[in-house]
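> Just so it is clear, I am handing over structure_30.pdb, which has PDB, C-alpha atoms and all ligand atoms.
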ATOM      1  CA  MET N1376     -46.155  66.412 286.944
ATOM      2  CA  SER N1377     -45.790  64.329 283.841
ATOM      3  CA  ALA N1378     -48.345  63.959 281.083
ATOM      4  CA  ARG N1379     -50.289  60.791 280.487
ATOM      5  CA  ILE N1380     -48.860  59.467 277.216
ATOM      6  CA  LEU N1381     -51.612  58.583 274.735
ATOM      7  CA  SER N1382     -50.171  55.675 272.760
ATOM      8  CA  GLY N1383     -51.369  55.549 269.177
ATOM      9  CA  THR N1384     -50.070  52.029 268.697
ATOM     10  CA  VAL N1385     -52.244  50.674 271.537
ATOM     11  CA  ILE N1386     -55.361  52.395 270.131
ATOM     12  CA  ARG N1387     -54.487  51.241 266.615
ATOM     13  CA  ASP N1388     -54.329  47.639 267.844
ATOM     14  CA  GLN N1389     -57.805  47.982 269.387
ATOM     15  CA  ILE N1390     -59.149  49.325 266.092
ATOM     16  CA  TYR N1391     -57.464  46.546 264.108
ATOM     17  CA  ALA N1392     -59.047  43.934 266.380
ATOM     18  CA  GLU N1393     -62.482  45.449 265.705
ATOM     19  CA  LEU N1394     -61.826  45.724 261.984
ATOM     20  CA  ALA N1395     -60.628  42.107 261.831
ATOM     21  CA  GLN N1396     -64.099  41.012 262.971
ATOM     22  CA  GLU N1397     -65.825  43.179 260.378
ATOM     23  CA  ILE N1398     -63.480  41.911 257.678
ATOM     24  CA  ALA N1399     -64.184  38.299 258.677
ATOM     25  CA  GLU N1400     -67.947  38.945 258.459
ATOM     26  CA  LEU N1401     -67.530  40.450 255.007
ATOM     27  CA  LYS N1402     -65.390  37.507 253.942
ATOM     28  CA  SER N1403     -68.163  35.122 254.977
ATOM     29  CA  ILE N1404     -70.424  36.782 252.391
ATOM     30  CA  GLY N1405     -67.686  36.766 249.746
ATOM     31  CA  VAL N1406     -66.523  40.386 250.082
ATOM     32  CA  ARG N1407     -62.857  41.316 250.406
ATOM     33  CA  PRO N1408     -62.417  45.100 250.714
ATOM     34  CA  GLY N1409     -59.580  46.402 248.555
ATOM     35  CA  LEU N1410     -57.427  49.540 248.583
ATOM     36  CA  ALA N1411     -55.498  51.003 245.649
ATOM     37  CA  ALA N1412     -52.548  53.249 246.527
ATOM     38  CA  VAL N1413     -50.967  55.394 243.833
ATOM     39  CA  LEU N1414     -47.515  56.804 244.499
ATOM     40  CA  VAL N1415     -46.221  59.076 241.737
ATOM     41  CA  GLY N1416     -42.423  59.424 241.656
ATOM     42  CA  ASP N1417     -40.019  58.521 244.409
ATOM     43  CA  ASP N1418     -40.311  60.953 247.294
ATOM     44  CA  PRO N1419     -38.622  58.985 250.113
ATOM     45  CA  ALA N1420     -41.082  59.973 252.876
ATOM     46  CA  SER N1421     -44.103  59.184 250.660
ATOM     47  CA  LYS N1422     -42.577  55.807 249.764
ATOM     48  CA  ILE N1423     -42.365  54.904 253.451
ATOM     49  CA  TYR N1424     -45.959  56.048 254.108
ATOM     50  CA  VAL N1425     -47.379  54.110 251.162
ATOM     51  CA  ARG N1426     -45.414  51.006 252.076
ATOM     52  CA  SER N1427     -46.877  51.185 255.613
ATOM     53  CA  LYS N1428     -50.393  51.511 254.179
ATOM     54  CA  ILE N1429     -49.935  48.464 251.945
ATOM     55  CA  ALA N1430     -48.410  46.510 254.865
ATOM     56  CA  ALA N1431     -51.490  47.350 256.975
ATOM     57  CA  CYS N1432     -53.760  46.005 254.198
ATOM     58  CA  GLU N1433     -51.772  42.790 254.137
ATOM     59  CA  GLN N1434     -51.853  42.458 257.915
ATOM     60  CA  LEU N1435     -55.655  42.773 257.916
ATOM     61  CA  GLY N1436     -56.205  40.645 254.816
ATOM     62  CA  LEU N1437     -57.508  43.490 252.645
ATOM     63  CA  GLY N1438     -56.984  43.428 248.908
ATOM     64  CA  ASN N1439     -54.406  45.912 247.733
ATOM     65  CA  VAL N1440     -53.100  47.388 244.513
ATOM     66  CA  HIS N1441     -49.881  49.405 244.624
ATOM     67  CA  LEU N1442     -49.228  51.552 241.551
ATOM     68  CA  THR N1443     -46.002  53.546 241.178
ATOM     69  CA  PRO N1444     -46.068  55.670 238.008
ATOM     70  CA  PRO N1445     -42.851  57.640 237.359
ATOM     71  CA  ALA N1446     -42.154  61.209 238.550
ATOM     72  CA  ASN N1447     -42.705  62.632 235.022
ATOM     73  CA  THR N1448     -46.270  61.285 234.772
ATOM     74  CA  THR N1449     -48.668  63.870 233.264
ATOM     75  CA  THR N1450     -52.033  64.963 234.661
ATOM     76  CA  ALA N1451     -53.757  63.160 231.763
ATOM     77  CA  GLU N1452     -51.895  59.925 232.445
ATOM     78  CA  LEU N1453     -52.701  60.024 236.146
ATOM     79  CA  LEU N1454     -56.349  60.831 235.384
ATOM     80  CA  ALA N1455     -56.462  57.700 233.226
ATOM     81  CA  ILE N1456     -55.054  55.629 236.116
ATOM     82  CA  VAL N1457     -57.634  57.026 238.549
ATOM     83  CA  ARG N1458     -60.506  56.386 236.114
ATOM     84  CA  GLU N1459     -59.397  52.796 235.634
ATOM     85  CA  LEU N1460     -59.363  52.322 239.439
ATOM     86  CA  ASN N1461     -62.815  53.952 239.696
ATOM     87  CA  SER N1462     -64.172  51.287 237.362
ATOM     88  CA  ARG N1463     -62.579  48.262 239.058
ATOM     89  CA  ASP N1464     -64.939  46.252 241.212
ATOM     90  CA  ASP N1465     -62.145  44.837 243.392
ATOM     91  CA  VAL N1466     -61.061  48.362 244.411
ATOM     92  CA  ASP N1467     -63.168  49.937 247.171
ATOM     93  CA  GLY N1468     -60.774  52.701 248.192
ATOM     94  CA  ILE N1469     -58.424  54.858 246.142
ATOM     95  CA  LEU N1470     -55.576  56.836 247.634
ATOM     96  CA  VAL N1471     -53.335  59.125 245.618
ATOM     97  CA  GLN N1472     -50.393  59.947 247.854
ATOM     98  CA  LEU N1473     -49.658  63.662 248.257
ATOM     99  CA  PRO N1474     -47.690  65.721 247.486
ATOM    100  CA  LEU N1475     -47.835  65.141 243.736
ATOM    101  CA  PRO N1476     -45.028  66.318 241.430
ATOM    102  CA  PRO N1477     -45.435  69.980 240.391
ATOM    103  CA  GLN N1478     -46.486  69.294 236.768
ATOM    104  CA  ILE N1479     -49.577  67.432 237.964
ATOM    105  CA  GLU N1480     -52.757  69.398 238.643
ATOM    106  CA  ALA N1481     -53.516  67.880 242.036
ATOM    107  CA  LYS N1482     -57.023  69.349 242.331
ATOM    108  CA  LYS N1483     -58.085  67.735 239.045
ATOM    109  CA  ILE N1484     -56.802  64.382 240.270
ATOM    110  CA  LEU N1485     -58.548  64.563 243.639
ATOM    111  CA  GLU N1486     -61.797  65.534 241.905
ATOM    112  CA  ALA N1487     -61.514  62.577 239.536
ATOM    113  CA  VAL N1488     -61.587  60.002 242.354
ATOM    114  CA  ASP N1489     -65.061  58.467 242.705
ATOM    115  CA  PRO N1490     -66.393  60.083 245.934
ATOM    116  CA  ALA N1491     -67.627  56.636 247.042
ATOM    117  CA  LYS N1492     -64.025  55.353 246.853
ATOM    118  CA  ASP N1493     -62.426  58.488 248.305
ATOM    119  CA  VAL N1494     -60.975  56.899 251.451
ATOM    120  CA  ASP N1495     -58.778  59.978 252.010
ATOM    121  CA  GLY N1496     -61.833  62.252 252.227
ATOM    122  CA  PHE N1497     -60.201  64.795 249.911
ATOM    123  CA  HIS N1498     -62.912  65.032 247.219
ATOM    124  CA  PRO N1499     -64.758  68.401 247.324
ATOM    125  CA  ILE N1500     -68.093  66.560 247.531
ATOM    126  CA  ASN N1501     -66.965  64.712 250.643
ATOM    127  CA  ILE N1502     -65.541  67.894 252.155
ATOM    128  CA  GLY N1503     -68.857  69.652 251.514
ATOM    129  CA  ARG N1504     -70.685  66.771 253.159
ATOM    130  CA  LEU N1505     -68.364  67.028 256.162
ATOM    131  CA  VAL N1506     -69.051  70.767 256.454
ATOM    132  CA  GLU N1507     -72.770  70.007 256.561
ATOM    133  CA  GLU N1508     -72.242  67.156 259.029
ATOM    134  CA  ARG N1509     -73.718  64.590 256.665
ATOM    135  CA  PRO N1510     -72.406  60.990 256.564
ATOM    136  CA  THR N1511     -69.240  60.962 254.459
ATOM    137  CA  MET N1512     -65.642  59.838 254.066
ATOM    138  CA  VAL N1513     -63.487  61.934 256.403
ATOM    139  CA  ALA N1514     -59.732  62.564 256.112
ATOM    140  CA  CYS N1515     -57.837  59.901 258.045
ATOM    141  CA  THR N1516     -55.540  61.982 260.262
ATOM    142  CA  PRO N1517     -58.240  64.189 261.834
ATOM    143  CA  LEU N1518     -60.459  61.125 262.164
ATOM    144  CA  GLY N1519     -57.595  59.378 263.976
ATOM    145  CA  VAL N1520     -57.235  62.318 266.358
ATOM    146  CA  MET N1521     -60.933  62.083 267.231
ATOM    147  CA  GLU N1522     -60.502  58.347 267.910
ATOM    148  CA  ILE N1523     -57.581  59.074 270.258
ATOM    149  CA  LEU N1524     -59.676  61.634 272.146
ATOM    150  CA  ARG N1525     -62.740  59.375 272.291
ATOM    151  CA  ARG N1526     -60.955  56.192 273.305
ATOM    152  CA  SER N1527     -58.807  58.064 275.868
ATOM    153  CA  LYS N1528     -62.002  59.558 277.319
ATOM    154  CA  ILE N1529     -60.832  63.153 276.859
ATOM    155  CA  PRO N1530     -63.975  65.300 277.086
ATOM    156  CA  VAL N1531     -64.551  67.310 273.909
ATOM    157  CA  GLU N1532     -68.044  68.702 274.409
ATOM    158  CA  GLY N1533     -67.746  72.293 275.612
ATOM    159  CA  ALA N1534     -63.931  72.154 275.576
ATOM    160  CA  ASP N1535     -61.850  75.012 274.221
ATOM    161  CA  ALA N1536     -59.923  73.447 271.339
ATOM    162  CA  VAL N1537     -57.134  75.171 269.438
ATOM    163  CA  VAL N1538     -55.900  73.814 266.110
ATOM    164  CA  ILE N1539     -52.543  75.072 264.840
ATOM    165  CA  GLY N1540     -52.529  74.646 261.054
ATOM    166  CA  ARG N1541     -55.179  75.201 258.384
ATOM    167  CA  SER N1542     -54.314  72.608 255.742
ATOM    168  CA  ASN N1543     -57.014  70.875 253.718
ATOM    169  CA  ILE N1544     -55.633  67.511 254.871
ATOM    170  CA  VAL N1545     -55.558  68.133 258.621
ATOM    171  CA  GLY N1546     -56.307  71.597 260.052
ATOM    172  CA  LYS N1547     -59.597  72.364 258.320
ATOM    173  CA  PRO N1548     -61.281  68.945 258.681
ATOM    174  CA  MET N1549     -59.895  68.741 262.243
ATOM    175  CA  ALA N1550     -61.587  72.017 263.166
ATOM    176  CA  LEU N1551     -64.875  70.801 261.642
ATOM    177  CA  LEU N1552     -64.821  67.471 263.506
ATOM    178  CA  LEU N1553     -64.103  69.214 266.808
ATOM    179  CA  MET N1554     -66.880  71.711 266.121
ATOM    180  CA  HIS N1555     -69.283  68.857 265.364
ATOM    181  CA  ALA N1556     -68.247  67.262 268.670
ATOM    182  CA  ASP N1557     -69.358  70.502 270.383
ATOM    183  CA  ALA N1558     -65.931  71.971 271.163
ATOM    184  CA  THR N1559     -65.340  75.707 270.867
ATOM    185  CA  VAL N1560     -62.716  75.812 268.140
ATOM    186  CA  THR N1561     -60.018  78.333 267.290
ATOM    187  CA  VAL N1562     -57.817  77.833 264.229
ATOM    188  CA  CYS N1563     -54.334  79.388 264.357
ATOM    189  CA  HIS N1564     -51.806  79.438 261.513
ATOM    190  CA  SER N1565     -48.538  80.935 260.300
ATOM    191  CA  LYS N1566     -49.973  84.470 260.226
ATOM    192  CA  THR N1567     -51.465  84.326 263.727
ATOM    193  CA  ARG N1568     -49.969  87.307 265.552
ATOM    194  CA  ASP N1569     -49.791  85.979 269.076
ATOM    195  CA  LEU N1570     -49.988  82.178 268.985
ATOM    196  CA  ARG N1571     -49.378  81.746 272.704
ATOM    197  CA  LYS N1572     -52.351  83.943 273.582
ATOM    198  CA  PHE N1573     -54.580  81.272 272.022
ATOM    199  CA  THR N1574     -52.698  78.076 272.828
ATOM    200  CA  ARG N1575     -52.506  78.861 276.535
ATOM    201  CA  GLU N1576     -56.318  78.937 276.680
ATOM    202  CA  ALA N1577     -56.725  75.510 275.099
ATOM    203  CA  ASP N1578     -58.135  72.499 276.920
ATOM    204  CA  ILE N1579     -57.268  70.538 273.771
ATOM    205  CA  LEU N1580     -54.356  71.708 271.636
ATOM    206  CA  ILE N1581     -53.828  70.121 268.218
ATOM    207  CA  ALA N1582     -50.481  70.945 266.604
ATOM    208  CA  ALA N1583     -50.556  70.389 262.838
ATOM    209  CA  ALA N1584     -48.243  73.060 261.481
ATOM    210  CA  GLY N1585     -45.374  70.875 260.254
ATOM    211  CA  ARG N1586     -42.836  72.887 262.261
ATOM    212  CA  PRO N1587     -40.585  70.852 264.560
ATOM    213  CA  ALA N1588     -40.957  71.604 268.281
ATOM    214  CA  LEU N1589     -43.060  74.710 267.580
ATOM    215  CA  VAL N1590     -45.089  74.209 270.768
ATOM    216  CA  VAL N1591     -42.996  74.679 273.915
ATOM    217  CA  PRO N1592     -44.054  74.216 277.557
ATOM    218  CA  GLU N1593     -44.818  77.941 278.005
ATOM    219  CA  ASP N1594     -47.438  77.675 275.239
ATOM    220  CA  VAL N1595     -49.472  75.063 277.077
ATOM    221  CA  ARG N1596     -52.011  75.409 279.844
ATOM    222  CA  PRO N1597     -51.070  73.055 282.700
ATOM    223  CA  GLY N1598     -53.156  69.892 282.433
ATOM    224  CA  ALA N1599     -54.203  70.433 278.793
ATOM    225  CA  THR N1600     -54.451  67.591 276.282
ATOM    226  CA  VAL N1601     -51.879  68.067 273.522
ATOM    227  CA  ILE N1602     -52.154  66.151 270.250
ATOM    228  CA  ASP N1603     -49.057  66.267 268.067
ATOM    229  CA  VAL N1604     -49.792  65.738 264.371
ATOM    230  CA  GLY N1605     -46.370  66.886 263.141
ATOM    231  CA  THR N1606     -43.845  64.459 261.707
ATOM    232  CA  THR N1607     -40.680  66.008 260.382
ATOM    233  CA  ARG N1608     -37.357  64.270 259.873
ATOM    234  CA  ILE N1609     -34.627  66.515 261.259
ATOM    235  CA  THR N1610     -30.954  66.161 260.376
ATOM    236  CA  ASP N1611     -29.464  69.353 261.891
ATOM    237  CA  PRO N1612     -27.470  68.438 265.047
ATOM    238  CA  ARG N1613     -28.020  71.873 266.606
ATOM    239  CA  GLN N1614     -31.768  71.540 266.194
ATOM    240  CA  ALA N1615     -31.596  68.022 267.662
ATOM    241  CA  GLU N1616     -29.616  69.298 270.667
ATOM    242  CA  LYS N1617     -32.331  71.874 271.374
ATOM    243  CA  ILE N1618     -35.212  69.451 270.983
ATOM    244  CA  PHE N1619     -33.589  66.609 272.906
ATOM    245  CA  ALA N1620     -31.838  68.792 275.540
ATOM    246  CA  HIS N1621     -33.512  66.842 278.350
ATOM    247  CA  ASN N1622     -33.672  63.588 276.477
ATOM    248  CA  PRO N1623     -30.163  62.072 276.330
ATOM    249  CA  GLU N1624     -31.361  58.737 274.936
ATOM    250  CA  ARG N1625     -33.043  60.295 271.932
ATOM    251  CA  LEU N1626     -30.082  62.617 271.346
ATOM    252  CA  GLU N1627     -27.782  59.615 271.368
ATOM    253  CA  LYS N1628     -30.034  57.839 268.887
ATOM    254  CA  PHE N1629     -30.062  60.940 266.658
ATOM    255  CA  ARG N1630     -26.254  60.988 266.677
ATOM    256  CA  LYS N1631     -26.140  57.322 265.752
ATOM    257  CA  ASN N1632     -28.695  57.565 262.924
ATOM    258  CA  GLY N1633     -27.900  61.096 261.714
ATOM    259  CA  SER N1634     -31.622  61.959 261.779
ATOM    260  CA  ALA N1635     -34.761  61.695 263.886
ATOM    261  CA  VAL N1636     -38.501  62.065 263.378
ATOM    262  CA  VAL N1637     -39.926  64.792 265.605
ATOM    263  CA  GLY N1638     -43.317  66.371 266.117
ATOM    264  CA  ASP N1639     -44.589  69.948 266.274
ATOM    265  CA  VAL N1640     -44.540  69.689 270.072
ATOM    266  CA  HIS N1641     -41.328  69.979 272.079
ATOM    267  CA  PRO N1642     -40.913  66.820 274.205
ATOM    268  CA  ASP N1643     -40.577  68.999 277.343
ATOM    269  CA  VAL N1644     -44.309  69.782 276.974
ATOM    270  CA  ALA N1645     -44.805  66.422 278.750
ATOM    271  CA  ARG N1646     -43.898  68.286 281.949
ATOM    272  CA  VAL N1647     -46.957  70.587 281.782
ATOM    273  CA  ALA N1648     -49.575  68.818 279.656
ATOM    274  CA  GLY N1649     -52.144  66.516 281.240
ATOM    275  CA  ALA N1650     -52.036  64.159 278.260
ATOM    276  CA  LEU N1651     -49.798  64.051 275.200
ATOM    277  CA  THR N1652     -49.425  61.968 272.057
ATOM    278  CA  PRO N1653     -45.822  60.933 271.327
ATOM    279  CA  VAL N1654     -44.033  61.252 267.977
ATOM    280  CA  PRO N1655     -43.444  58.680 266.661
ATOM    281  CA  GLY N1656     -46.160  56.327 267.901
ATOM    282  CA  GLY N1657     -49.007  58.784 268.454
ATOM    283  CA  VAL N1658     -51.226  60.081 265.650
ATOM    284  CA  GLY N1659     -49.269  58.340 262.848
ATOM    285  CA  PRO N1660     -50.512  54.794 263.514
ATOM    286  CA  LEU N1661     -54.070  56.122 263.735
ATOM    287  CA  THR N1662     -53.891  57.721 260.277
ATOM    288  CA  ILE N1663     -53.253  54.297 258.781
ATOM    289  CA  ALA N1664     -55.847  52.625 261.019
ATOM    290  CA  MET N1665     -58.498  55.091 259.851
ATOM    291  CA  LEU N1666     -57.518  54.483 256.232
ATOM    292  CA  MET N1667     -58.178  50.790 256.795
ATOM    293  CA  SER N1668     -61.437  51.657 258.541
ATOM    294  CA  ASN N1669     -62.513  53.935 255.661
ATOM    295  CA  THR N1670     -61.692  51.182 253.146
ATOM    296  CA  VAL N1671     -63.902  48.685 254.985
ATOM    297  CA  LYS N1672     -66.600  51.345 255.267
ATOM    298  CA  ALA N1673     -66.391  52.110 251.530
ATOM    299  CA  ALA N1674     -66.665  48.397 250.732
ATOM    300  CA  ARG N1675     -69.831  48.083 252.801
ATOM    301  CA  LEU N1676     -71.443  51.262 251.522
ATOM    302  CA  ARG N1677     -70.767  50.340 247.899
ATOM    303  CA  ARG N1678     -72.706  47.134 248.501
ATOM    304  CA  GLY N1679     -75.560  48.971 250.166
ATOM    305  CA  GLN N1680     -74.686  47.719 253.646
ATOM    306  CA  ARG N1681     -75.088  49.815 256.743
ATOM    307  CA  THR N1682     -71.868  50.524 258.603
ATOM    308  CA  PRO N1683     -71.535  49.934 262.363
ATOM    309  CA  GLU N1684     -71.281  53.657 263.056
ATOM    310  CA  ALA N1685     -74.625  54.239 261.389
ATOM    311  CA  VAL N1686     -75.975  52.102 264.220
ATOM    312  CA  THR N1687     -73.690  53.250 267.046
ATOM    313  CA  SER N1688     -71.739  56.479 266.546
ATOM    314  CA  SER N1689     -68.592  58.137 265.470
ATOM    315  CA  ARG N1690     -66.864  56.903 262.305
TER     316      ARG N1690
HETATM  317  N1  LIG L1701     -49.797  63.020 252.363
HETATM  318  C1  LIG L1701     -49.706  63.327 253.676
HETATM  319  N2  LIG L1701     -50.774  62.826 254.342
HETATM  320  C2  LIG L1701     -51.541  62.197 253.433
HETATM  321  C3  LIG L1701     -52.765  61.478 253.528
HETATM  322  O1  LIG L1701     -53.390  61.329 254.583
HETATM  323  N3  LIG L1701     -53.217  60.958 252.362
HETATM  324  C4  LIG L1701     -52.560  61.126 251.182
HETATM  325  N4  LIG L1701     -53.103  60.602 250.092
HETATM  326  N5  LIG L1701     -51.433  61.791 251.067
HETATM  327  C5  LIG L1701     -50.923  62.313 252.199
END
Any chance you could put this one into structure tokens?

Amino acid sequence: MSARILSGTVIRDQIYAELAQEIAELKSIGVRPGLAAVLVGDDPASKIYVRSKIAACEQLGLGNVHLTPPANTTTAELLAIVRELNSRDDVDGILVQLPLPPQIEAKKILEAVDPAKDVDGFHPINIGRLVEERPTMVACTPLGVMEILRRSKIPVEGADAVVIGRSNIVGKPMALLLMHADATVTVCHSKTRDLRKFTREADILIAAAGRPALVVPEDVRPGATVIDVGTTRITDPRQAEKIFAHNPERLEKFRKNGSAVVGDVHPDVARVAGALTPVPGGVGPLTIAMLMSNTVKAARLRRGQRTPEAVTSSR
């Protein structure tokens, strides 16, 4: 058996087509939603992520502001940047790329973002609203996972879902969204004593631990849906040989490039899972799509407009 591969790029393209219509409607009434992305310092992975987010804005015709203060920026300086963006009428969404350099008090920064412009869903007010299942801005990656499940018609109601990882960005909001969709949710993490005991029971397994190839075929119930949120760049040839043991093409590519991006799920899991998201090309494209979606949503809400999901369902 071989898992059905749930392509994030295909689902992203569907979402972009829907957003393009919404954006055109807004344009006809003189509204151009705008996103501000703040990247402090020059972390190479963060640079790539932020560049992709800006490129998505340009592709969809959204306004965008890209600020790149230096790595030695202070908390006070970054607070001033955020406050300026809060006050700008052409900015509907504000994203401060994480992680921030160690001298910056990240919590203060995230709390300073206007909750109405918090397209990352990281503000404590928005997290509280999510806990209570009130309308809010929800973190993009878990939202993207729910879109993959919904659009791939994977049943969530009544399913046993296991989330590996308890981060504020993914694991915790993921568990809440699944709970709100009527799954029975278990959250596992680095101190879980017997991970396999839980993962083998899962109808839906979400791996968001940030540990390459953590989930191996023996961890997965045959036929389960496995969603791989991990993205780690590996450079160790021995690790690559283990992960790509049955994947000569990817091993060859690793040798050529000297690195590869891998998920938290070993590729051999495709032999037992019923459905699986690939890395790259699975959850990643959805994270950016949901950021675009949240930006459009923020633009509408700030102008007192109802959003389509208020009429239909799930965003
Ligand atoms: N760093 C890793 N993921 C994210 C994300 O979704 N948003 C922001 N702002 N930073 C991140």
> Return as a ChimeraX atom specification every polymer residue, whether protein, DNA or RNA, with at least one atom no more than 9 Å from an atom of ligand LIG 1701 (chain L); count all atoms listed in the file.
/N:1412-1414,1421,1424-1425,1469-1475,1494-1497,1514-1516,1544-1545,1662-1663,1666
> Which distance in Å separates CA of Val1601 (chain N) and CA of His1641 (chain N), to one decimal?
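These two atoms are separated by 10.8 Å.
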> Rounded to one decimal in Å, what is the spacing between CA of Met1512 (chain N) and CA of Ala1650 (chain N)?
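CA of Met1512 (chain N) sits 28.1 Å away from CA of Ala1650 (chain N).
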> Once the PyMOL selection byres (((chain N and resi 1386) around 12) and not hetatm) has been applied to the shown file, what residues remain in the selection, as number ranges by chain?
N: 1380-1385, 1387-1393, 1519-1527, 1652, 1656-1665
> Provide the CA of Lys1482 (chain N) to CA of Pro1499 (chain N) distance in Å, to one decimal place.
9.3 Å
> Using only C-alpha atoms, can you tell me which of N:Arg1630, N:Lys1617, N:Arg1681, N:Arg1646 comes closest to Ala1599 (chain N)?
N:Arg1646
> Mind telling me what the PyMOL selection byres (((chain N and resi 1596) around 12) and not hetatm) catches here, as number ranges by chain?
N: 1535-1537, 1571-1580, 1590-1595, 1597-1601, 1644-1650
> How would the residues just chosen look if you wrote them out with C-alpha atoms as a CSV table (one decimal), in the coordinates of the input?

chain,number,residue,atom,x,y,z
N,1535,ASP,CA,-61.8,75.0,274.2
N,1536,ALA,CA,-59.9,73.4,271.3
N,1537,VAL,CA,-57.1,75.2,269.4
N,1571,ARG,CA,-49.4,81.7,272.7
N,1572,LYS,CA,-52.4,83.9,273.6
N,1573,PHE,CA,-54.6,81.3,272.0
N,1574,THR,CA,-52.7,78.1,272.8
N,1575,ARG,CA,-52.5,78.9,276.5
N,1576,GLU,CA,-56.3,78.9,276.7
N,1577,ALA,CA,-56.7,75.5,275.1
N,1578,ASP,CA,-58.1,72.5,276.9
N,1579,ILE,CA,-57.3,70.5,273.8
N,1580,LEU,CA,-54.4,71.7,271.6
N,1590,VAL,CA,-45.1,74.2,270.8
N,1591,VAL,CA,-43.0,74.7,273.9
N,1592,PRO,CA,-44.1,74.2,277.6
N,1593,GLU,CA,-44.8,77.9,278.0
N,1594,ASP,CA,-47.4,77.7,275.2
N,1595,VAL,CA,-49.5,75.1,277.1
N,1597,PRO,CA,-51.1,73.1,282.7
N,1598,GLY,CA,-53.2,69.9,282.4
N,1599,ALA,CA,-54.2,70.4,278.8
N,1600,THR,CA,-54.5,67.6,276.3
N,1601,VAL,CA,-51.9,68.1,273.5
N,1644,VAL,CA,-44.3,69.8,277.0
N,1645,ALA,CA,-44.8,66.4,278.8
N,1646,ARG,CA,-43.9,68.3,281.9
N,1647,VAL,CA,-47.0,70.6,281.8
N,1648,ALA,CA,-49.6,68.8,279.7
N,1649,GLY,CA,-52.1,66.5,281.2
N,1650,ALA,CA,-52.0,64.2,278.3
> Give me, as a list in words, all polymer residues having an atom no more than 9 Å from Thr1670 (chain N), counting only C-alpha atoms and skipping those fewer than 5 positions away in the same chain.
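Using only C-alpha atoms, the neighbours found are Pro1408, Gly1409, Leu1410, Leu1437, Asp1467, Gly1468, Ile1469, Lys1492, Asp1493, Val1494, Met1665 and Arg1675 of chain N.
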> May I ask which of the residues N:Val1654, N:Ala1534, N:Val1513, N:Val1604 is the closest one to Arg1625 (chain N), counting all atoms listed in the file?
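Once distances to Arg1625 (chain N) are computed over all atoms listed in the file, the minimum belongs to N:Val1654.
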> Please determine, counting only C-alpha atoms, which residue among N:Ile1479, N:Leu1551, N:Val1415, N:Ile1429 has the shortest atom-to-atom distance to Ala1446 (chain N).
N:Val1415
> Please determine, counting only C-alpha atoms, which residue among N:Pro1510, N:Ile1423, N:Pro1477, N:Asp1417 has the shortest atom-to-atom distance to Leu1676 (chain N).
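Of the candidates, the smallest distance to Leu1676 (chain N) is held by N:Pro1510.
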> List the residues matched by the PyMOL selection byres (((chain N and resi 1451) around 12) and not hetatm) in the displayed structure as a list in words, ordered by chain and then by residue number.
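Applying the expression gives Asn1447, Thr1448, Thr1449, Thr1450, Glu1452, Leu1453, Leu1454, Ala1455, Ile1456, Val1457, Arg1458, Gln1478, Ile1479, Glu1480, Ala1481, Lys1483, Ile1484 and Ala1487 of chain N.
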> With all atoms listed in the file as the basis for distance, which of N:Cys1432, N:Val1562, N:Val1466, N:Leu1394 is at the shortest distance from Ala1674 (chain N)?
N:Val1466
> Might I get the box with edges along x, y and z of the file that holds all atoms of region 1545-1551 of chain N listed there, padded by 3 Å on every side, given as centre and edge lengths in Å to one decimal, as lines of an AutoDock Vina configuration file?

center_x = -60.2
center_y = 70.2
center_z = 260.7
size_x = 15.3
size_y = 10.2
size_z = 10.8
